[in-house]
Structures are given as structure tokens and as C-alpha cells.
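The data block below is input_37.cif; it holds mmCIF, C-alpha atoms.
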```cif
data_protein
#
loop_
_atom_site.label_atom_id
_atom_site.label_comp_id
_atom_site.auth_asym_id
_atom_site.auth_seq_id
_atom_site.Cartn_x
_atom_site.Cartn_y
_atom_site.Cartn_z
CA MET X 9 -36.63 72.06 -23.13
CA ILE X 10 -36.93 68.29 -22.93
CA ASP X 11 -35.15 66.54 -25.81
CA PRO X 12 -37.85 64.21 -27.26
CA TYR X 13 -35.24 61.96 -28.86
CA ARG X 14 -33.42 61.47 -25.57
CA LEU X 15 -36.69 60.91 -23.71
CA PHE X 16 -37.78 58.30 -26.29
CA LEU X 17 -34.44 56.48 -26.01
CA CYS X 18 -34.62 56.47 -22.22
CA SER X 19 -38.14 55.07 -22.27
CA ILE X 20 -37.02 52.19 -24.50
CA LEU X 21 -33.98 51.39 -22.36
CA VAL X 22 -36.02 51.45 -19.17
CA ALA X 23 -38.61 49.15 -20.76
CA LEU X 24 -35.80 46.73 -21.60
CA GLY X 25 -34.59 46.73 -18.01
CA SER X 26 -31.49 48.80 -18.71
CA ALA X 27 -30.52 52.28 -17.54
CA CYS X 28 -30.52 55.50 -19.51
CA THR X 29 -26.82 56.25 -19.73
CA THR X 30 -24.43 58.54 -21.54
CA GLU X 31 -20.73 58.30 -22.35
CA GLY X 32 -18.37 60.53 -20.44
CA GLU X 33 -15.19 60.63 -18.42
CA ALA X 34 -14.72 59.82 -14.75
CA CYS X 35 -11.60 60.33 -12.65
CA MET X 36 -10.20 59.15 -9.36
CA GLU X 37 -7.42 60.48 -7.17
CA VAL X 38 -4.18 58.46 -7.08
CA ASP X 39 -0.98 58.70 -5.10
CA PRO X 40 1.64 60.97 -6.75
CA SER X 41 3.99 57.98 -6.96
CA VAL X 42 1.58 56.10 -9.28
CA GLU X 43 2.79 56.29 -12.87
CA MET X 44 0.47 53.80 -14.61
CA CYS X 45 -3.29 53.74 -14.11
CA PRO X 46 -4.86 50.49 -12.86
CA ALA X 47 -6.50 48.26 -15.44
CA PRO X 48 -10.26 48.84 -15.76
CA LYS X 49 -11.03 45.47 -14.15
CA ASP X 50 -9.09 46.51 -11.04
CA VAL X 51 -10.84 49.88 -10.56
CA ASP X 52 -13.48 50.38 -7.86
CA ARG X 53 -16.23 52.25 -9.73
CA ASP X 54 -17.39 53.88 -6.49
CA LYS X 55 -14.09 55.79 -6.38
CA LEU X 56 -14.62 57.31 -9.82
CA ARG X 57 -16.16 60.77 -9.99
CA GLY X 58 -18.20 61.47 -13.11
CA GLY X 59 -20.53 64.34 -13.90
CA CYS X 60 -22.29 65.91 -10.88
CA GLY X 61 -23.52 62.93 -8.90
CA SER X 62 -23.77 60.48 -11.81
CA LYS X 63 -23.35 56.75 -11.22
CA ILE X 64 -20.70 54.88 -13.18
CA ARG X 65 -22.24 51.90 -14.96
CA ARG X 66 -19.26 50.62 -16.95
CA ILE X 67 -15.62 51.49 -17.63
CA LEU X 68 -15.10 51.53 -21.40
CA GLY X 69 -11.33 51.64 -21.73
CA GLU X 70 -7.90 52.19 -20.24
CA GLY X 71 -7.19 55.04 -17.88
CA GLU X 72 -5.07 58.08 -18.56
CA ARG X 73 -2.69 59.42 -15.90
CA VAL X 74 -3.22 63.17 -15.45
CA ASP X 75 -1.43 65.67 -13.27
CA ASN X 76 -4.53 67.37 -11.91
CA ILE X 77 -8.21 66.39 -11.53
CA SER X 78 -9.18 69.25 -9.20
CA ASP X 79 -11.51 71.94 -10.53
CA TRP X 80 -10.55 74.46 -7.89
CA ALA X 81 -6.73 74.27 -7.95
CA GLU X 82 -5.36 77.78 -8.48
CA SER X 83 -1.68 76.84 -8.63
CA GLU X 84 0.45 73.79 -9.33
CA GLU X 85 0.88 73.29 -5.59
CA ASP X 86 -2.83 72.51 -5.31
CA TRP X 87 -2.90 69.92 -8.09
CA VAL X 88 -4.44 66.54 -7.33
CA PRO X 89 -3.01 63.67 -9.44
CA GLY X 90 -5.46 61.19 -10.85
CA CYS X 91 -6.48 58.63 -13.44
CA CYS X 92 -9.34 59.34 -15.86
CA TYR X 93 -11.31 56.65 -17.69
CA PRO X 94 -13.91 56.68 -20.48
CA VAL X 95 -17.15 55.46 -18.90
CA LYS X 96 -20.83 54.83 -19.31
CA GLU X 97 -22.56 56.88 -16.61
CA THR X 98 -26.10 57.83 -15.70
CA GLU X 99 -27.14 61.26 -16.91
CA PRO X 100 -25.22 63.87 -14.84
CA ASN X 101 -27.44 66.30 -12.98
CA CYS X 102 -25.51 69.38 -11.92
CA ALA X 103 -28.60 71.21 -10.79
CA TYR X 104 -29.98 71.34 -7.26
CA GLY X 105 -33.63 71.97 -6.53
CA ARG X 106 -35.40 73.63 -9.48
CA PRO X 107 -33.01 74.99 -12.14
CA LEU X 108 -33.85 77.23 -15.05
CA ARG X 109 -32.95 75.32 -18.21
CA VAL X 110 -32.34 76.72 -21.66
CA GLU X 111 -32.09 74.08 -24.40
CA GLY X 112 -31.83 71.42 -21.71
CA GLU X 113 -28.90 72.98 -19.83
CA PRO X 114 -29.14 74.67 -16.38
CA VAL X 115 -28.36 78.39 -16.45
CA LEU X 116 -26.33 79.95 -13.63
CA ALA X 117 -24.98 83.42 -13.00
CA ALA X 118 -21.27 84.06 -12.53
CA THR X 119 -20.03 85.11 -9.10
CA VAL X 120 -18.95 88.67 -8.33
CA THR X 121 -17.90 90.64 -5.27
CA ASP X 122 -21.21 91.99 -4.03
CA GLU X 123 -21.92 92.94 -0.43
CA ARG X 124 -25.65 93.31 -1.12
CA TRP X 125 -26.03 89.52 -1.19
CA ALA X 126 -23.63 88.90 1.68
CA ALA X 127 -25.55 89.79 4.82
CA ALA X 128 -23.73 89.50 8.14
CA LEU X 129 -23.88 86.00 9.62
CA ALA X 130 -22.26 84.68 12.79
CA VAL X 131 -20.13 81.79 11.51
CA THR X 132 -16.91 80.59 13.20
CA ALA X 133 -15.56 78.51 10.28
CA SER X 134 -12.95 81.22 9.71
CA THR X 135 -10.73 79.26 12.11
CA LEU X 136 -10.42 76.39 9.61
CA PRO X 137 -7.35 76.08 7.36
CA GLN X 138 -7.45 78.21 4.21
CA ALA X 139 -7.58 75.25 1.79
CA VAL X 140 -10.52 73.77 3.69
CA ARG X 141 -12.37 77.08 3.75
CA GLU X 142 -11.91 77.43 -0.02
CA GLU X 143 -13.59 74.06 -0.55
CA LEU X 144 -16.45 74.98 1.75
CA VAL X 145 -16.90 78.27 -0.12
CA VAL X 146 -17.11 76.30 -3.39
CA ARG X 147 -19.93 74.14 -2.01
CA TRP X 148 -21.96 76.97 -0.47
CA THR X 149 -21.44 79.29 -3.43
CA ARG X 150 -22.74 76.65 -5.82
CA ALA X 151 -25.76 76.06 -3.57
CA ALA X 152 -26.43 79.80 -3.52
CA LEU X 153 -26.14 80.07 -7.31
CA ASP X 154 -28.63 77.20 -7.68
CA GLU X 155 -31.08 78.98 -5.38
CA HIS X 156 -30.53 82.23 -7.31
CA ALA X 157 -31.36 80.45 -10.58
CA SER X 158 -34.50 79.01 -9.00
CA VAL X 159 -35.90 82.53 -8.70
CA ALA X 160 -35.98 82.70 -12.50
CA ALA X 161 -37.18 79.09 -12.76
CA PHE X 162 -40.26 79.69 -10.62
CA SER X 163 -41.01 82.91 -12.50
CA ARG X 164 -41.11 80.85 -15.67
CA VAL X 165 -43.21 78.17 -13.96
CA ALA X 166 -45.82 80.82 -13.19
CA LEU X 167 -45.91 81.85 -16.85
CA ASP X 168 -46.21 78.22 -17.99
CA LEU X 169 -49.07 77.63 -15.55
CA MET X 170 -50.88 80.75 -16.73
CA ARG X 171 -50.45 79.78 -20.40
CA HIS X 172 -52.11 76.44 -19.77
CA GLY X 173 -54.99 77.64 -17.63
CA ALA X 174 -53.83 76.44 -14.23
CA PRO X 175 -55.90 77.34 -11.15
CA PRO X 176 -54.92 80.54 -9.30
CA GLU X 177 -53.69 78.60 -6.26
CA LEU X 178 -50.85 77.03 -8.27
CA ILE X 179 -49.84 80.35 -9.82
CA GLU X 180 -49.82 82.01 -6.40
CA LEU X 181 -47.66 79.23 -4.94
CA ALA X 182 -45.19 79.57 -7.83
CA HIS X 183 -44.71 83.29 -7.17
CA ALA X 184 -44.37 82.68 -3.43
CA ALA X 185 -41.72 80.05 -4.14
CA ALA X 186 -39.73 82.54 -6.25
CA LEU X 187 -39.62 84.91 -3.27
CA ASP X 188 -38.51 82.05 -1.02
CA GLU X 189 -35.61 81.40 -3.41
CA VAL X 190 -34.45 85.02 -3.15
CA ARG X 191 -34.12 84.50 0.59
CA HIS X 192 -32.36 81.14 0.14
CA ALA X 193 -29.85 82.69 -2.27
CA ARG X 194 -29.10 85.57 0.10
CA HIS X 195 -28.53 83.14 2.96
CA GLY X 196 -26.30 80.92 0.81
CA PHE X 197 -24.13 83.81 -0.35
CA ALA X 198 -23.98 85.11 3.23
CA ILE X 199 -22.68 81.75 4.45
CA ALA X 200 -20.12 81.51 1.64
CA SER X 201 -18.98 85.08 2.36
CA ALA X 202 -18.67 84.43 6.08
CA ILE X 203 -16.64 81.26 5.56
CA GLY X 204 -14.38 82.82 2.93
CA GLY X 205 -13.96 86.14 4.66
CA ALA X 206 -14.91 88.10 1.52
CA PRO X 207 -18.29 89.09 0.06
CA VAL X 208 -19.58 87.02 -2.82
CA GLY X 209 -22.79 87.35 -4.81
CA PRO X 210 -24.29 86.61 -8.22
CA GLY X 211 -23.61 88.60 -11.36
CA ALA X 212 -26.24 89.41 -13.96
CA PHE X 213 -28.32 86.38 -14.85
CA PRO X 214 -27.29 85.21 -18.35
CA LEU X 215 -30.63 85.23 -20.16
CA GLY X 216 -31.32 86.59 -23.61
CA ALA X 217 -34.19 88.82 -24.63
CA SER X 218 -36.71 85.98 -24.43
CA VAL X 219 -37.41 83.16 -21.99
CA PRO X 220 -38.17 79.69 -23.42
CA LEU X 221 -41.49 78.39 -22.15
CA ALA X 222 -42.78 74.83 -22.08
CA PRO X 223 -44.26 73.96 -25.50
CA ASP X 224 -47.20 71.97 -24.13
CA LEU X 225 -48.80 70.57 -21.00
CA VAL X 226 -46.77 67.36 -21.27
CA ALA X 227 -43.55 69.37 -20.98
CA VAL X 228 -44.95 71.32 -18.01
CA ALA X 229 -45.75 68.06 -16.21
CA VAL X 230 -42.42 66.41 -17.03
CA GLU X 231 -40.49 69.41 -15.70
CA ALA X 232 -42.63 69.52 -12.55
CA ALA X 233 -42.01 65.80 -11.97
CA LEU X 234 -38.25 66.10 -12.48
CA ASP X 235 -37.60 69.34 -10.62
CA GLY X 236 -40.49 69.43 -8.14
CA CYS X 237 -41.58 65.90 -7.28
CA ILE X 238 -38.02 64.54 -7.39
CA GLY X 239 -35.54 67.41 -7.16
CA GLU X 240 -37.20 69.49 -4.47
CA THR X 241 -38.36 66.52 -2.41
CA VAL X 242 -34.74 65.38 -2.24
CA ALA X 243 -33.52 68.94 -1.59
CA SER X 244 -35.91 69.37 1.33
CA LEU X 245 -34.97 66.15 3.10
CA LEU X 246 -31.24 66.65 2.49
CA ALA X 247 -31.56 70.11 4.07
CA TRP X 248 -33.27 68.54 7.11
CA GLU X 249 -30.47 65.98 7.42
CA ALA X 250 -27.80 68.66 7.05
CA ALA X 251 -29.46 70.78 9.74
CA ALA X 252 -29.47 67.78 12.08
CA VAL X 253 -25.65 67.51 11.99
CA CYS X 254 -24.74 71.19 11.55
CA GLU X 255 -22.61 72.63 14.36
CA GLU X 256 -23.09 76.30 13.45
CA PRO X 257 -26.35 77.59 15.03
CA ALA X 258 -26.89 80.33 12.43
CA ILE X 259 -26.43 77.93 9.51
CA ARG X 260 -28.60 75.31 11.21
CA GLU X 261 -31.51 77.77 11.36
CA VAL X 262 -31.00 78.68 7.71
CA LEU X 263 -31.13 75.00 6.72
CA ARG X 264 -34.30 74.38 8.72
CA GLY X 265 -35.97 77.28 6.95
CA ILE X 266 -34.81 76.01 3.56
CA ALA X 267 -36.09 72.51 4.34
CA GLU X 268 -39.56 73.85 5.21
CA ASP X 269 -39.71 76.03 2.11
CA GLU X 270 -38.47 73.28 -0.21
CA GLN X 271 -41.15 70.97 1.15
CA ARG X 272 -43.79 73.48 0.04
CA HIS X 273 -42.05 73.78 -3.34
CA ALA X 274 -42.07 70.01 -3.72
CA LEU X 275 -45.78 69.90 -2.91
CA LEU X 276 -46.33 72.51 -5.62
CA GLY X 277 -44.62 70.10 -8.02
CA TRP X 278 -46.84 67.18 -6.99
CA ARG X 279 -49.98 69.33 -7.23
CA THR X 280 -48.93 70.62 -10.63
CA VAL X 281 -48.41 67.10 -11.96
CA ALA X 282 -51.75 65.94 -10.53
CA TRP X 283 -53.53 68.89 -12.15
CA ALA X 284 -51.74 68.30 -15.47
CA ILE X 285 -52.75 64.61 -15.49
CA ARG X 286 -56.39 65.51 -14.81
CA HIS X 287 -56.42 68.01 -17.66
CA GLY X 288 -53.97 66.39 -20.10
CA GLY X 289 -55.02 62.77 -19.79
CA ALA X 290 -53.09 59.75 -21.02
CA ALA X 291 -50.30 61.62 -22.80
CA VAL X 292 -49.34 63.50 -19.64
CA ARG X 293 -49.68 60.41 -17.43
CA THR X 294 -47.44 58.37 -19.75
CA ALA X 295 -44.73 61.03 -19.88
CA VAL X 296 -44.74 61.45 -16.09
CA ALA X 297 -44.65 57.67 -15.57
CA GLU X 298 -41.49 57.57 -17.69
CA VAL X 299 -39.86 60.18 -15.45
CA PHE X 300 -40.52 58.13 -12.28
CA ALA X 301 -39.53 54.87 -13.99
CA ALA X 302 -36.17 56.39 -14.91
CA ALA X 303 -35.65 57.57 -11.32
CA ALA X 304 -36.49 54.10 -10.00
CA ARG X 305 -33.97 52.54 -12.38
CA GLU X 306 -31.13 55.05 -12.15
CA GLY X 307 -31.50 56.54 -8.69
CA VAL X 308 -31.21 60.23 -7.85
CA ALA X 309 -28.15 62.29 -8.72
CA VAL X 310 -26.81 64.55 -5.96
CA PRO X 311 -24.57 67.48 -7.03
CA LEU X 312 -21.41 67.64 -4.94
CA PRO X 313 -19.00 70.28 -6.31
CA GLY X 314 -15.44 70.33 -5.03
CA ARG X 315 -13.35 67.45 -3.73
CA LEU X 316 -13.60 67.86 0.06
CA ASP X 317 -15.48 64.85 1.41
CA ASP X 318 -14.63 64.84 5.12
CA ALA X 319 -17.96 64.25 6.88
CA THR X 320 -16.86 65.94 10.11
CA VAL X 321 -15.58 69.10 8.45
CA LEU X 322 -18.56 69.39 6.12
CA ALA X 323 -21.08 68.85 8.92
CA ARG X 324 -19.59 71.76 10.84
CA VAL X 325 -21.06 74.16 8.29
CA GLY X 326 -24.20 72.23 7.37
CA LEU X 327 -22.96 70.18 4.42
CA LEU X 328 -23.16 66.43 3.82
CA ASP X 329 -20.45 64.14 2.49
CA ARG X 330 -20.96 62.09 -0.66
CA ALA X 331 -21.90 58.79 0.96
CA THR X 332 -24.36 60.37 3.39
CA SER X 333 -25.97 62.46 0.64
CA LEU X 334 -26.44 59.46 -1.62
CA ARG X 335 -27.81 57.34 1.24
CA HIS X 336 -30.42 59.94 2.22
CA ALA X 337 -31.30 60.61 -1.43
CA ALA X 338 -31.88 56.89 -2.00
CA ARG X 339 -34.03 56.70 1.12
CA THR X 340 -36.05 59.69 -0.08
CA LEU X 341 -36.54 58.07 -3.47
CA HIS X 342 -37.73 54.73 -2.15
CA GLN X 343 -39.66 55.84 0.93
CA VAL X 344 -41.23 59.07 -0.31
CA ILE X 345 -41.03 59.75 -4.04
CA LEU X 346 -41.81 56.34 -5.54
CA PRO X 347 -44.68 55.52 -3.16
CA ALA X 348 -46.23 58.93 -3.85
CA ALA X 349 -45.73 58.43 -7.58
CA ARG X 350 -47.50 55.07 -7.46
CA ASP X 351 -50.49 56.70 -5.77
CA LEU X 352 -50.45 59.55 -8.28
CA LEU X 353 -50.33 57.28 -11.31
CA ALA X 354 -52.86 54.80 -9.90
CA GLY X 355 -55.53 57.50 -9.77
CA GLY X 356 -54.29 59.71 -6.97
CA ALA X 357 -54.42 62.77 -9.25
CA ARG X 358 -57.58 63.89 -7.53
CA PRO X 359 -58.57 67.53 -7.09
CA GLY X 360 -57.07 69.24 -4.05
CA ARG X 361 -59.31 70.75 -1.39
CA ALA X 362 -59.28 74.20 -3.00
CA GLU X 363 -60.21 72.77 -6.39
CA GLN X 364 -62.92 70.56 -4.85
CA GLU X 365 -64.51 73.62 -3.24
CA GLN X 366 -64.25 75.54 -6.51
CA GLU X 367 -65.94 72.69 -8.41
CA MET X 368 -68.72 72.51 -5.81
CA ARG X 369 -69.34 76.26 -6.11
CA ALA X 370 -69.50 75.88 -9.89
#
```
Represent the structure contained in this file as C-alpha cells.
Amino acid sequence: MIDPYRLFLCSILVALGSACTTEGEACMEVDPSVEMCPAPKDVDRDKLRGGCGSKIRRILGEGERVDNISDWAESEEDWVPGCCYPVKETEPNCAYGRPLRVEGEPVLAATVTDERWAAALAVTASTLPQAVREELVVRWTRAALDEHASVAAFSRVALDLMRHGAPPELIELAHAAALDEVRHARHGFAIASAIGGAPVGPGAFPLGASVPLAPDLVAVAVEAALDGCIGETVASLLAWEAAAVCEEPAIREVLRGIAEDEQRHALLGWRTVAWAIRHGGAAVRTAVAEVFAAAAREGVAVPLPGRLDDATVLARVGLLDRATSLRHAARTLHQVILPAARDLLAGGARPGRAEQEQEMRA
């Protein structure tokens, strides 16, 4: 559910020419011989890692020397020394594509050993060093978990659309997208299993007895703009870019299929927002405009779990390094998302061909 207080604050800050930020902690790797952290004025903010793809706007205080900043270290031998600073950062976005959110937070399943999700896949990354393979498994497992969660997200989208009287074409596309995400998740877990040499899959999805639905049409449109128009447009083009550099033929074909599917999912988001604006009027248009204004001001967050950032190694198995991901995401924002949003908000929320035909028949 969208927090109305947070959304109101962000709209004010954007109107004032600032960015919608939050306080957090960001860390950077340092040489083991370093005992004292550099002064804030001497720190390169681009080297600080905050929450999933967030951008560091300002360092608020002195750094703290810590023994380990790695999330995946299983023993002291794997520790990565670092310095952590209190910072102002853009809102972290740890979700990829279309997450299922409960009270504003993405919901993910835990991982389990499950051969049913780990179909055989011809991948030769098993020749890489163990530590490298572990990092690659982290990245692909997280991608698979995100796709798994999207199955539930699109199921909820279909319910939201039905509750608000959406045309059958949108409801049909939402259900088709959920089935696409099952396939994406299976492929992601298969890749992670092949790289790691052990089957991995999702556990039971952690939902309660009820599923929170969007309270009104404004919330439906805001979610479609965030997760469809922005999130899935970026996801599609990043998948295309990853396929272009991938050295593993089997993974390359998976990525091409994901890119095509995510493009359809993104179009569902744009069509949903256009329909919501036509039927919800000024309130919906204003809320959606705020979403795109925030993206224009803050950029697009790209989730990059793990600490491996070697472009050559990542490209081997269809993954992009941090700099490349951010560059392509920025290009997608400025060359695709924002131009489309301007057309949408300037009156481009016109009926699609199917709706035009339906109106003519009526």
C-alpha cells in the first residue's frame, strides 16, 4: 500500500526542486590496513553502497570502521573490511520488475532445496572459482525470487482490475503475465542451480490469509506506473542488454524471452494507467504525474545484490555490472519512460484499439 504521508512529502520536495530522500547507512570497501575511515569530505559518494541501487545524496557524519560489509560471507575468511557512513539516499528499491508489496514492503519467499524448480540447463559456469560462483548464484537466485513474487503480484493486479471495472483485455493480460512469471522463475532457479551445482527453489510464499488490494483507482494507477511503466520497462531493456553480452547460449535465450515478455508486461502497465486516467480523471492524473516527476528527479534504482562487480565475469552468465546497469537504466528513463509519460499526461490516455472497437459497437 502506498504511504500517503510519504507520497505527500515527496510531492512537496519535488515541487521545491529537491529529491525525495531517506536517511540510511552506506558502506564502501577499504584495504585491510586502513584503521581510520576517511573524512566525509574525502569520500567518493559513487563508491558508497546504500540500499538496493539507491543514490547517495549527502554524507551526514563520520564513518565507522567495520570488519565486514559483505552480506554473503559465511566465515571470517570471507569478510570484506569497510567503512560505513550515515547518509541521505534516494529511496532504496530492492524489487525488480513487479513485486508484491504488503504494507509497502516487497514480499519474497525463502530459498529451499527443490529440484522441481531447477530444470536441467546447459551452463558451463561450473568451471569458475567457488567464491565467484557463489556470488553469481546470489544474483540469479534473487532475480528468480523476484520473478516468483511477480506471479502473486500479477494475480493481485487482476483482482484490482476486476474490482474497478477494467476491460476484459487488461484482466486477460494480467493473468497471462502471471503465467509468464512462472516460466521466468523456473528459468532463474535453473540458472542458479546450474551455476551453483545444487538445486535451489522457492519455499512457501509468505502471505497471510488475506491479500491486501488497492484501496482505490488512484492506488491502482500509482502502482501500475511504478511497477509497470517504470519497473518493467527498465527490466525489459536491461534483459535485452544482458542478452547482448551473455556468453552462455542457453542463458542468452532465456534473457531474450524474458525481455520480450517484460515488454508486454510494461505495455500492460502503460495501458492500465491510460485506462485509469480516462476513468479516474484529475485525481489519477495528478498522482501518476507525481510518480514520473519523482523518477525524473531521482533516477531509477537498479537492485544489485552481492558484491561481485566484474563486468567480464558477470556478462559470462548474462548479468550486468553496476555501472552498465545504471547507464542503461538512465537511458531507458530519458529515452523511453519520460517521453512516453509526457505523451500520456498531455492527453495520450486515449482508448486502445480494442476499446475503440468496443465503444463503436456500443
Atom-to-atom span, CA of Asp86 (chain X) and CA of Ala152 (chain X), Å = 24.8 Å
Select from region 234-301 of chain X every residue with an atom at most 10 Å from any atom of region 178-201 of chain X, then for each give the shortest pair of atoms and their distance in Å to one decimal, using all atoms listed in the file, rows by chain and rising number, as CSV.
```
residue,atom,partner,partner_atom,distance
X:Ala258,CA,X:Ile199,CA,9.1
X:Ile259,CA,X:Ile199,CA,7.4
X:Val262,CA,X:His195,CA,7.0
X:Leu263,CA,X:His192,CA,9.1
X:Gly265,CA,X:His192,CA,8.6
X:Ile266,CA,X:His192,CA,6.6
X:Asp269,CA,X:Asp188,CA,6.9
X:Glu270,CA,X:Ala185,CA,8.5
X:Arg272,CA,X:Ala185,CA,8.1
X:His273,CA,X:Ala185,CA,6.3
X:Leu275,CA,X:Leu181,CA,9.7
X:Leu276,CA,X:Leu181,CA,6.9
X:Gly277,CA,X:Leu178,CA,9.3
X:Arg279,CA,X:Leu178,CA,7.8
X:Thr280,CA,X:Leu178,CA,7.1
X:Trp283,CA,X:Leu178,CA,9.4
```
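With all atoms listed in the file as the basis for measurement, X:Val146 is the residue among X:Ala233, X:Val299, X:Val146, X:Val253 that approaches Gly204 (chain X) most closely.
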message = Applying 9 Å and all atoms listed in the file, which residues near region 211-217 of chain X remain after dropping the ones on its own chain fewer than 5 positions away? List them as number ranges by chain.
response = X: 110, 115-122, 156-157, 160
request  = Find the residue from X:Leu129, X:Arg293, X:Gly58, X:Leu108 that sits nearest to Val310 (chain X); use only C-alpha atoms when measuring.
outcome  =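 Of X:Leu129, X:Arg293, X:Gly58, X:Leu108, the one nearest Val310 (chain X) is X:Gly58, counting only C-alpha atoms.
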Result set, the PyMOL selection byres ((chain X and resi 295) around 9) on current file, as a PDB file with C-alpha atoms, in the coordinates of the input:
```
ATOM      1  CA  LEU X  15     -36.690  60.910 -23.710  1.00  0.00           C
ATOM      2  CA  VAL X 226     -46.770  67.360 -21.270  1.00  0.00           C
ATOM      3  CA  ALA X 227     -43.550  69.370 -20.980  1.00  0.00           C
ATOM      4  CA  ALA X 229     -45.750  68.060 -16.210  1.00  0.00           C
ATOM      5  CA  VAL X 230     -42.420  66.410 -17.030  1.00  0.00           C
ATOM      6  CA  ALA X 290     -53.090  59.750 -21.020  1.00  0.00           C
ATOM      7  CA  ALA X 291     -50.300  61.620 -22.800  1.00  0.00           C
ATOM      8  CA  VAL X 292     -49.340  63.500 -19.640  1.00  0.00           C
ATOM      9  CA  ARG X 293     -49.680  60.410 -17.430  1.00  0.00           C
ATOM     10  CA  THR X 294     -47.440  58.370 -19.750  1.00  0.00           C
ATOM     11  CA  VAL X 296     -44.740  61.450 -16.090  1.00  0.00           C
ATOM     12  CA  ALA X 297     -44.650  57.670 -15.570  1.00  0.00           C
ATOM     13  CA  GLU X 298     -41.490  57.570 -17.690  1.00  0.00           C
ATOM     14  CA  VAL X 299     -39.860  60.180 -15.450  1.00  0.00           C
TER      15      VAL X 299
END
```
task = Please write as a VMD selection string the full residue list that the PyMOL selection byres ((chain X and resi 76) around 7) yields on this file.
result = chain X and resid 74 to 75 77 to 78 87 to 90
Near-Gly314 (chain X) list (12 Å; only C-alpha atoms; drop same-chain fewer than 2 positions) as a ChimeraX atom specification = /X:57,59-61,77-81,88,139-151,311-312,316-318,322,329-330
Serialized selection, C-alpha atoms, as a PDB file, keeping the file's coordinate frame:
```
ATOM      1  CA  ARG X  57     -16.160  60.770  -9.990  1.00  0.00           C
ATOM      2  CA  GLY X  59     -20.530  64.340 -13.900  1.00  0.00           C
ATOM      3  CA  CYS X  60     -22.290  65.910 -10.880  1.00  0.00           C
ATOM      4  CA  GLY X  61     -23.520  62.930  -8.900  1.00  0.00           C
ATOM      5  CA  ILE X  77      -8.210  66.390 -11.530  1.00  0.00           C
ATOM      6  CA  SER X  78      -9.180  69.250  -9.200  1.00  0.00           C
ATOM      7  CA  ASP X  79     -11.510  71.940 -10.530  1.00  0.00           C
ATOM      8  CA  TRP X  80     -10.550  74.460  -7.890  1.00  0.00           C
ATOM      9  CA  ALA X  81      -6.730  74.270  -7.950  1.00  0.00           C
ATOM     10  CA  VAL X  88      -4.440  66.540  -7.330  1.00  0.00           C
ATOM     11  CA  ALA X 139      -7.580  75.250   1.790  1.00  0.00           C
ATOM     12  CA  VAL X 140     -10.520  73.770   3.690  1.00  0.00           C
ATOM     13  CA  ARG X 141     -12.370  77.080   3.750  1.00  0.00           C
ATOM     14  CA  GLU X 142     -11.910  77.430  -0.020  1.00  0.00           C
ATOM     15  CA  GLU X 143     -13.590  74.060  -0.550  1.00  0.00           C
ATOM     16  CA  LEU X 144     -16.450  74.980   1.750  1.00  0.00           C
ATOM     17  CA  VAL X 145     -16.900  78.270  -0.120  1.00  0.00           C
ATOM     18  CA  VAL X 146     -17.110  76.300  -3.390  1.00  0.00           C
ATOM     19  CA  ARG X 147     -19.930  74.140  -2.010  1.00  0.00           C
ATOM     20  CA  TRP X 148     -21.960  76.970  -0.470  1.00  0.00           C
ATOM     21  CA  THR X 149     -21.440  79.290  -3.430  1.00  0.00           C
ATOM     22  CA  ARG X 150     -22.740  76.650  -5.820  1.00  0.00           C
ATOM     23  CA  ALA X 151     -25.760  76.060  -3.570  1.00  0.00           C
ATOM     24  CA  PRO X 311     -24.570  67.480  -7.030  1.00  0.00           C
ATOM     25  CA  LEU X 312     -21.410  67.640  -4.940  1.00  0.00           C
ATOM     26  CA  LEU X 316     -13.600  67.860   0.060  1.00  0.00           C
ATOM     27  CA  ASP X 317     -15.480  64.850   1.410  1.00  0.00           C
ATOM     28  CA  ASP X 318     -14.630  64.840   5.120  1.00  0.00           C
ATOM     29  CA  LEU X 322     -18.560  69.390   6.120  1.00  0.00           C
ATOM     30  CA  ASP X 329     -20.450  64.140   2.490  1.00  0.00           C
ATOM     31  CA  ARG X 330     -20.960  62.090  -0.660  1.00  0.00           C
TER      32      ARG X 330
END
```
message = Please expand the PyMOL selection byres ((chain X and resi 32) around 8) into the concrete residues it hits in this file, giving the result as a PyMOL selection string.
response = chain X and resi 30-31+33-34+58-59+94-97
query = Pick the closest to Glu306 (chain X) from X:Arg106, X:Ala323, X:Val51, X:Leu341: which is it, counting all atoms listed in the file?
reply =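 Nearest candidate to Glu306 (chain X) out of X:Arg106, X:Ala323, X:Val51, X:Leu341: X:Leu341.
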query = In Å to one decimal, how far is CA of Pro220 (chain X) from CA of Leu234 (chain X)?
reply =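 Pair CA of Leu234 (chain X) / CA of Pro220 (chain X) returns 17.4 Å.
The coordinates place CA of Arg324 (chain X) at 10.3 Å from CA of Leu136 (chain X).
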Could the centre and edge lengths of an axis-aligned box, enclosing all atoms of region 277-284 of chain X in the file with 3 Å extra on each side, be given in Å to one decimal as JSON?
```
{"center_x": -49.1, "center_y": 68.3, "center_z": -11.2, "size_x": 14.9, "size_y": 10.7, "size_z": 14.5}
```
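The residue that comes closest to Thr135 (chain X), out of X:Val321, X:Trp248, X:Val242, X:Ala338 and on the basis of only C-alpha atoms, is X:Val321.
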Among listed residues X:Asp168, X:Ala126, X:Gly355, X:Pro175, nearest Val219 (chain X) (using all atoms listed in the file) =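 Answer, going by the shortest atom-to-atom distance: X:Asp168.
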task = Skip His287 (chain X) itself and residues of its chain fewer than 2 positions away, then list as a PyMOL selection string all residues within 10 Å of it, counting only C-alpha atoms.
result = chain X and resi 172-174+225+281-285+289-290+292
